[in-house]
Structures are given as structure tokens and as C-alpha cells.
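Please read the structure below before turning to the comments.
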Amino acid sequence: MQTPLLGNVANQLLELGPKLVRRPLALVPFRLKADLLERILGLLLAQQAEDEELDFLQDNWVAIHVEDMGLEFEVSFDGRWLVRQPTKAEVKFTGQSKELLLIAAGKEDPDTLFFQRKLSIEGDTELGLEIKNLLLSIEFDTMPSPIRHSIEKLAQLIQQLQLKANPEVA
């Protein structure tokens with residue numbers, strides 16, 4: 001039997017985690033964050049780049065806004081990944097870190113989160129659908145091991161905390 005205290009602690013951890021990362025993340029110069037994001041995207045989507053599945057991104061910018069972490073950037077692909085500060089993207093994805101992480105781990109479906117209003121997509125709907133399909137085509141098992149294991153462990157922790165915070169949903 002779960003106690004209300006355990007549920008409250010789990011809920012606080014889900015809310016507090018991103019807030020603890022937000023302040024130090026804000027101190028990191030944008031160029032360093034952009035370089036890291038470009039490298040990670042290059043590793044994660046190397047096969048798609050090689051198969052020319054990213055051509056639809058050329059001259060198109062996709063904004064990502066991780067609300068609870070205060071992280072916002074835009075990405076494009078022109079033979080290599082480009083990351084810039086937000087200006088004017090064709091499509092914008094907005095969500096909380098836990099939902100975006102669960103999508104990355106293949107534990108949540110973007111459509112479900114969209115209909116639950118936990119993921120927002122604004123702008124060019126067709127480009128947004130292409131991005132969503134690209135994300136769904138990434139085989140989690142082919143990700144570089146350190147990235148895959150980190151995402152997997154964080155996703156498991158989030159799911160466990162969510163179960164403890166909302167046992168009636170399970």
C-alpha cells in the first residue's frame with residue numbers, strides 16, 4: 001500500500017529535478033550548448049543523414065522549447081546539424097523535460113502527449129509531422145550506448161516517480 005507522503009515526495013522530485021538543472025544550465029553560454037546539441041544530433045541521426053532522410057530540414061528551422069528547464073533553441077540540417085538561438089522557426093515543439101525524455105526513450109507516443117496537451121506543436125503542421133515521423137523512425141537500440149543508457153535510466157526513473165505520484169493512473 002502506498003502512502004500519500006510517498007506520492008507527494010515523488011511528485012516533488014518530478015517538479016524539482018528540472019528546476020535544479022535550470023539555473024546552472026542558464027549559466028552555460030549558448031554556443032557551448034549549441035555545440036553539444038549539434039554533436040548529439042549528429043550521433044543520434046547519423047544513419048538518417050547518410051540515407052538523406054534529413055533533406056526536408058534544409059532551409060527549415062525547428063524550435064524546441066523545454067519549458068521546465070528554460071531551454072529553447074532551433075535546429076536545422078544542411079549536410080550538418082545547425083543549432084541557433086530562437087528567432088523564427090517554421091515549427092515549434094513545446095513540452096516539459098519528462099515528456100520529451102519519455103518520447104526520446106520510446107516510452108511515450110508524441111500523438112498521445114499532443115492530445116493530452118502535454119506536447120504542443122505550432123506552425124507548419126506538415127513539417128511538424130515529418131519531424132514526428134523522423135523521431136519515431138529512430139531505433140533506440142542503435143543510439144550510442146552512453147546516450148541510450150542515460151536516456152533509458154532517466155525514463156525509468158521518471159516512470160517510477162509518476163507511478164508513485166499518481167498510483168490511480170497505473
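Residues are referred to by chain and number: the chain letter is A, B, ... according to the order shown in the C-alpha cells, the number counts from 1 in that chain, and ligands are numbered separately from 1 in the order shown.
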Need to verify the contact set: stretch 45-54 of chain A, 8 Å, only C-alpha atoms, exclusion of same-chain residues closer than 6 positions in sequence. Can you return it as a CSV table (one decimal) with all heavy atoms, in the first residue's frame?
chain,number,residue,atom,x,y,z
A,77,PHE,N,19.2,21.2,-40.6
A,77,PHE,CA,20.2,20.3,-41.2
A,77,PHE,C,20.5,20.7,-42.6
A,77,PHE,O,19.6,20.9,-43.4
A,77,PHE,CB,19.7,18.9,-41.1
A,77,PHE,CG,20.7,17.9,-41.5
A,77,PHE,CD1,21.7,17.5,-40.6
A,77,PHE,CD2,20.8,17.4,-42.8
A,77,PHE,CE1,22.7,16.6,-41.0
A,77,PHE,CE2,21.8,16.5,-43.2
A,77,PHE,CZ,22.7,16.1,-42.3
A,79,GLY,N,23.5,19.3,-44.4
A,79,GLY,CA,24.7,18.5,-44.6
A,79,GLY,C,25.3,18.3,-43.2
A,79,GLY,O,26.2,17.4,-43.0
A,138,ILE,N,13.6,6.6,-35.4
A,138,ILE,CA,14.9,6.4,-34.8
A,138,ILE,C,14.8,5.1,-34.0
A,138,ILE,O,13.9,4.9,-33.1
A,138,ILE,CB,15.3,7.6,-33.9
A,138,ILE,CG1,15.5,8.8,-34.7
A,138,ILE,CG2,16.6,7.2,-33.2
A,138,ILE,CD1,15.6,10.1,-33.9
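All residues in stretch 50-120 of chain A with a DSSP state of helix (DSSP H, G or I), computed from the backbone, read Glu50, Asp55, Phe56, Leu57, Glu67, Asp68, Met69, Ser97, Lys98, Glu99, Leu100, Leu101, Leu102, Ile103, Ala104, Pro110, Asp111, Thr112, Leu113, Phe114 and Phe115 of chain A.
Among the candidates A:Glu99, A:Glu38, A:Glu90, A:Glu126, the residue lying nearest to A:Trp61 is A:Glu90 (atoms considered: only C-alpha atoms).
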From the list A:Leu100, A:Leu43, A:Ala105, A:Ile64, the nearest residue to A:Lys88 using only C-alpha atoms is A:Ile64
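The strand (DSSP E) portion of stretch 29-170 of chain A consists of Val62, Ala63, Ile64, His65, Val66, Leu71, Glu72, Phe73, Glu74, Val75, Ser76, Phe77, Trp81, Leu82, Val83, Arg84, Val91, Lys92, Phe93, Thr94, Gly95, Leu119, Ser120, Ile121, Glu122 and Gly123 of chain A, with states taken from DSSP on the backbone.
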**Asked** Do you know which residues are at most 12 Å from A:Asp124 counting only C-alpha atoms, after dropping those on the same chain fewer than 4 positions away, and could you put them as an NGL selection string?
**Response** :A and (60-63 or 88-93 or 128-131)
Exercise. Quick one: everything within 8 Å of A:Ala155, counting only C-alpha atoms, minus sequence neighbours fewer than 5 positions away in the same chain. Send it as a list in words.
Key: Lys98, Leu101, Leu102, Ala105 and Lys107 of chain A
With N, CA, C and O atoms retained, write the just-selected residues as a PDB file, in the first residue's frame.
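Below is the file out_1.pdb, written as the result:
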ATOM      1  N   LYS A  98      10.316  15.915 -18.827  1.00  0.00           N
ATOM      2  CA  LYS A  98       9.983  14.498 -18.606  1.00  0.00           C
ATOM      3  C   LYS A  98       9.246  13.904 -19.805  1.00  0.00           C
ATOM      4  O   LYS A  98       9.546  12.784 -20.216  1.00  0.00           O
ATOM      5  N   LEU A 101      11.738  13.500 -22.714  1.00  0.00           N
ATOM      6  CA  LEU A 101      12.648  12.394 -22.440  1.00  0.00           C
ATOM      7  C   LEU A 101      11.952  11.050 -22.672  1.00  0.00           C
ATOM      8  O   LEU A 101      12.541  10.126 -23.235  1.00  0.00           O
ATOM      9  N   LEU A 102      10.686  10.937 -22.268  1.00  0.00           N
ATOM     10  CA  LEU A 102       9.937   9.699 -22.482  1.00  0.00           C
ATOM     11  C   LEU A 102       9.717   9.442 -23.977  1.00  0.00           C
ATOM     12  O   LEU A 102       9.739   8.293 -24.416  1.00  0.00           O
ATOM     13  N   ALA A 105      12.976   8.094 -25.329  1.00  0.00           N
ATOM     14  CA  ALA A 105      13.213   6.715 -24.906  1.00  0.00           C
ATOM     15  C   ALA A 105      12.216   5.739 -25.528  1.00  0.00           C
ATOM     16  O   ALA A 105      12.297   4.538 -25.295  1.00  0.00           O
ATOM     17  N   LYS A 107       9.110   5.571 -24.786  1.00  0.00           N
ATOM     18  CA  LYS A 107       8.165   5.152 -23.745  1.00  0.00           C
ATOM     19  C   LYS A 107       6.822   5.871 -23.870  1.00  0.00           C
ATOM     20  O   LYS A 107       5.856   5.488 -23.241  1.00  0.00           O
TER      21      LYS A 107
END
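Checking A:Leu127, A:Leu134, A:Leu37, A:Met69 one by one against A:Leu16, counting only C-alpha atoms, you find the shortest gap at A:Met69.
In terms of minimum interatomic distance to A:Gly70, A:Arg22 ranks closest within A:Arg84, A:Arg117, A:Arg39, A:Arg22, counting only C-alpha atoms.
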